[in-house]
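See structure below.
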Amino acid sequence: METKEMIYTAVFQNGQGKLFTSRYTGVISRSEAWLSAAQMGGSDGNCLLALIPGDHPDCHKLKT
């Protein structure tokens with residue numbers, strides 16, 4: 001059975017310049033996943049900086 005979803009680690013920056021990450025499940029197409037994640041973050045006033053394939057728990061320890 002083939003899955004059409006992939007797990008990403010999304011890196012966002014908020015309006016105060018703070019970096020934070022989120023585990024994001026999106027489509028396999030990276031360009032489509034980027035647009036979707038950017039819209040999701042943008043609705044909260046955050047800017048998507050990176051979308052890394054896979055779940056990377058160490059990234060959740062980002063410090064600005």
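Simple scheme: letters A, B, ... for chains in structure tokens order, numbers from 1 for residues in each chain, numbers from 1 for ligands in the order shown.
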
Considering only C-alpha atoms, return as an MDAnalysis selection string whatever protein or nucleic-acid residues lie within 9 Å of stretch 22-28 of chain A, sequence-local ones (same chain, fewer than 2 positions apart) excluded.
chainID A and resid 3:12 20 30:34 36:37 51 54:57 60

Mind the document's chain letters and residue numbers, and return as a ChimeraX atom specification the residues of stretch 15-44 of chain A that DSSP labels strand (DSSP E).
/A:19-27

Looking only at helix (DSSP H, G or I) from DSSP on the backbone, list the matching residues of chain A as a short mmCIF file (atom, residue, chain, number, x, y, z; two decimals) with all heavy atoms, in the first residue's frame.
```
data_model
loop_
_atom_site.label_atom_id
_atom_site.label_comp_id
_atom_site.auth_asym_id
_atom_site.auth_seq_id
_atom_site.Cartn_x
_atom_site.Cartn_y
_atom_site.Cartn_z
N ARG A 30 7.15 18.15 -2.58
CA ARG A 30 7.74 19.15 -1.68
C ARG A 30 7.22 20.55 -1.96
O ARG A 30 6.97 21.33 -1.04
CB ARG A 30 9.26 19.10 -1.82
CG ARG A 30 9.93 20.02 -0.83
CD ARG A 30 11.06 19.36 -0.13
NE ARG A 30 11.54 20.25 0.90
CZ ARG A 30 12.80 20.46 1.15
NH1 ARG A 30 13.71 19.82 0.48
NH2 ARG A 30 13.16 21.28 2.09
N SER A 31 7.02 20.90 -3.23
CA SER A 31 6.55 22.25 -3.54
C SER A 31 5.11 22.45 -3.04
O SER A 31 4.77 23.51 -2.51
CB SER A 31 6.65 22.54 -5.04
OG SER A 31 5.91 21.60 -5.79
N GLU A 32 4.28 21.43 -3.17
CA GLU A 32 2.91 21.52 -2.66
C GLU A 32 2.90 21.56 -1.14
O GLU A 32 2.13 22.31 -0.53
CB GLU A 32 2.06 20.36 -3.16
CG GLU A 32 1.75 20.43 -4.64
CD GLU A 32 0.95 19.22 -5.11
OE1 GLU A 32 0.10 18.72 -4.34
OE2 GLU A 32 1.19 18.78 -6.24
N ALA A 33 3.75 20.75 -0.51
CA ALA A 33 3.84 20.73 0.95
C ALA A 33 4.32 22.08 1.47
O ALA A 33 3.83 22.58 2.48
CB ALA A 33 4.78 19.62 1.41
N TRP A 34 5.28 22.69 0.77
CA TRP A 34 5.80 24.01 1.17
C TRP A 34 4.67 25.04 1.16
O TRP A 34 4.50 25.78 2.13
CB TRP A 34 6.92 24.45 0.24
CG TRP A 34 7.46 25.80 0.59
CD1 TRP A 34 6.94 27.01 0.24
CD2 TRP A 34 8.60 26.08 1.41
NE1 TRP A 34 7.68 28.03 0.79
CE2 TRP A 34 8.71 27.49 1.50
CE3 TRP A 34 9.53 25.29 2.06
CZ2 TRP A 34 9.72 28.10 2.24
CZ3 TRP A 34 10.53 25.91 2.78
CH2 TRP A 34 10.62 27.30 2.87
N LEU A 35 3.91 25.09 0.08
CA LEU A 35 2.82 26.06 -0.01
C LEU A 35 1.78 25.86 1.10
O LEU A 35 1.33 26.82 1.73
CB LEU A 35 2.14 25.99 -1.38
CG LEU A 35 2.96 26.50 -2.55
CD1 LEU A 35 2.23 26.23 -3.87
CD2 LEU A 35 3.26 27.98 -2.40
N SER A 36 1.45 24.62 1.36
CA SER A 36 0.47 24.31 2.39
C SER A 36 0.97 24.69 3.78
O SER A 36 0.26 25.31 4.57
CB SER A 36 0.12 22.82 2.34
OG SER A 36 -0.79 22.49 3.34
N ALA A 37 2.22 24.34 4.09
CA ALA A 37 2.80 24.67 5.39
C ALA A 37 2.94 26.18 5.55
O ALA A 37 2.69 26.72 6.63
CB ALA A 37 4.14 23.97 5.57
N ALA A 38 3.33 26.86 4.49
CA ALA A 38 3.49 28.31 4.54
C ALA A 38 2.15 28.98 4.81
O ALA A 38 2.06 29.94 5.59
CB ALA A 38 4.10 28.83 3.25
N GLN A 39 1.10 28.50 4.18
CA GLN A 39 -0.24 29.06 4.40
C GLN A 39 -0.70 28.79 5.83
O GLN A 39 -1.29 29.66 6.47
CB GLN A 39 -1.23 28.48 3.40
CG GLN A 39 -1.01 28.98 1.99
CD GLN A 39 -1.86 28.26 0.96
OE1 GLN A 39 -2.44 27.21 1.22
NE2 GLN A 39 -1.93 28.84 -0.23
N MET A 40 -0.42 27.59 6.33
CA MET A 40 -0.79 27.23 7.69
C MET A 40 -0.11 28.17 8.69
O MET A 40 -0.75 28.72 9.58
CB MET A 40 -0.41 25.79 7.98
CG MET A 40 -0.72 25.32 9.38
SD MET A 40 -0.10 23.67 9.71
CE MET A 40 1.66 23.99 9.80
N GLY A 41 1.19 28.37 8.53
CA GLY A 41 1.93 29.25 9.43
C GLY A 41 1.56 30.71 9.24
O GLY A 41 1.46 31.47 10.20
N GLY A 42 1.33 31.10 8.00
CA GLY A 42 0.98 32.48 7.69
C GLY A 42 -0.33 32.91 8.32
O GLY A 42 -0.50 34.08 8.66
N PRO A 57 13.55 15.44 15.91
CA PRO A 57 13.32 15.94 17.27
C PRO A 57 14.41 16.91 17.74
O PRO A 57 14.11 17.81 18.51
CB PRO A 57 13.31 14.68 18.12
CG PRO A 57 12.99 13.57 17.18
CD PRO A 57 13.56 13.98 15.85
N ASP A 58 15.66 16.73 17.30
CA ASP A 58 16.71 17.65 17.73
C ASP A 58 16.47 19.07 17.24
O ASP A 58 16.90 20.03 17.87
CB ASP A 58 18.09 17.18 17.24
CG ASP A 58 18.56 15.95 17.99
OD1 ASP A 58 18.03 15.67 19.09
OD2 ASP A 58 19.46 15.25 17.49
N CYS A 59 15.76 19.23 16.14
CA CYS A 59 15.45 20.57 15.63
C CYS A 59 14.48 21.29 16.55
O CYS A 59 14.40 22.51 16.54
CB CYS A 59 14.86 20.50 14.23
SG CYS A 59 16.05 20.08 12.95
N HIS A 60 13.71 20.54 17.33
CA HIS A 60 12.74 21.15 18.22
C HIS A 60 13.41 21.89 19.37
O HIS A 60 12.76 22.57 20.13
CB HIS A 60 11.76 20.10 18.75
CG HIS A 60 11.03 19.38 17.66
ND1 HIS A 60 10.20 20.00 16.76
CD2 HIS A 60 11.04 18.08 17.28
CE1 HIS A 60 9.71 19.14 15.91
NE2 HIS A 60 10.22 17.96 16.19
N LYS A 61 14.74 21.80 19.46
CA LYS A 61 15.49 22.47 20.51
C LYS A 61 16.15 23.76 19.99
O LYS A 61 17.06 24.26 20.60
CB LYS A 61 16.58 21.53 21.05
CG LYS A 61 16.02 20.26 21.63
CD LYS A 61 17.14 19.31 22.00
CE LYS A 61 16.57 17.96 22.41
NZ LYS A 61 17.62 16.96 22.56
#
```
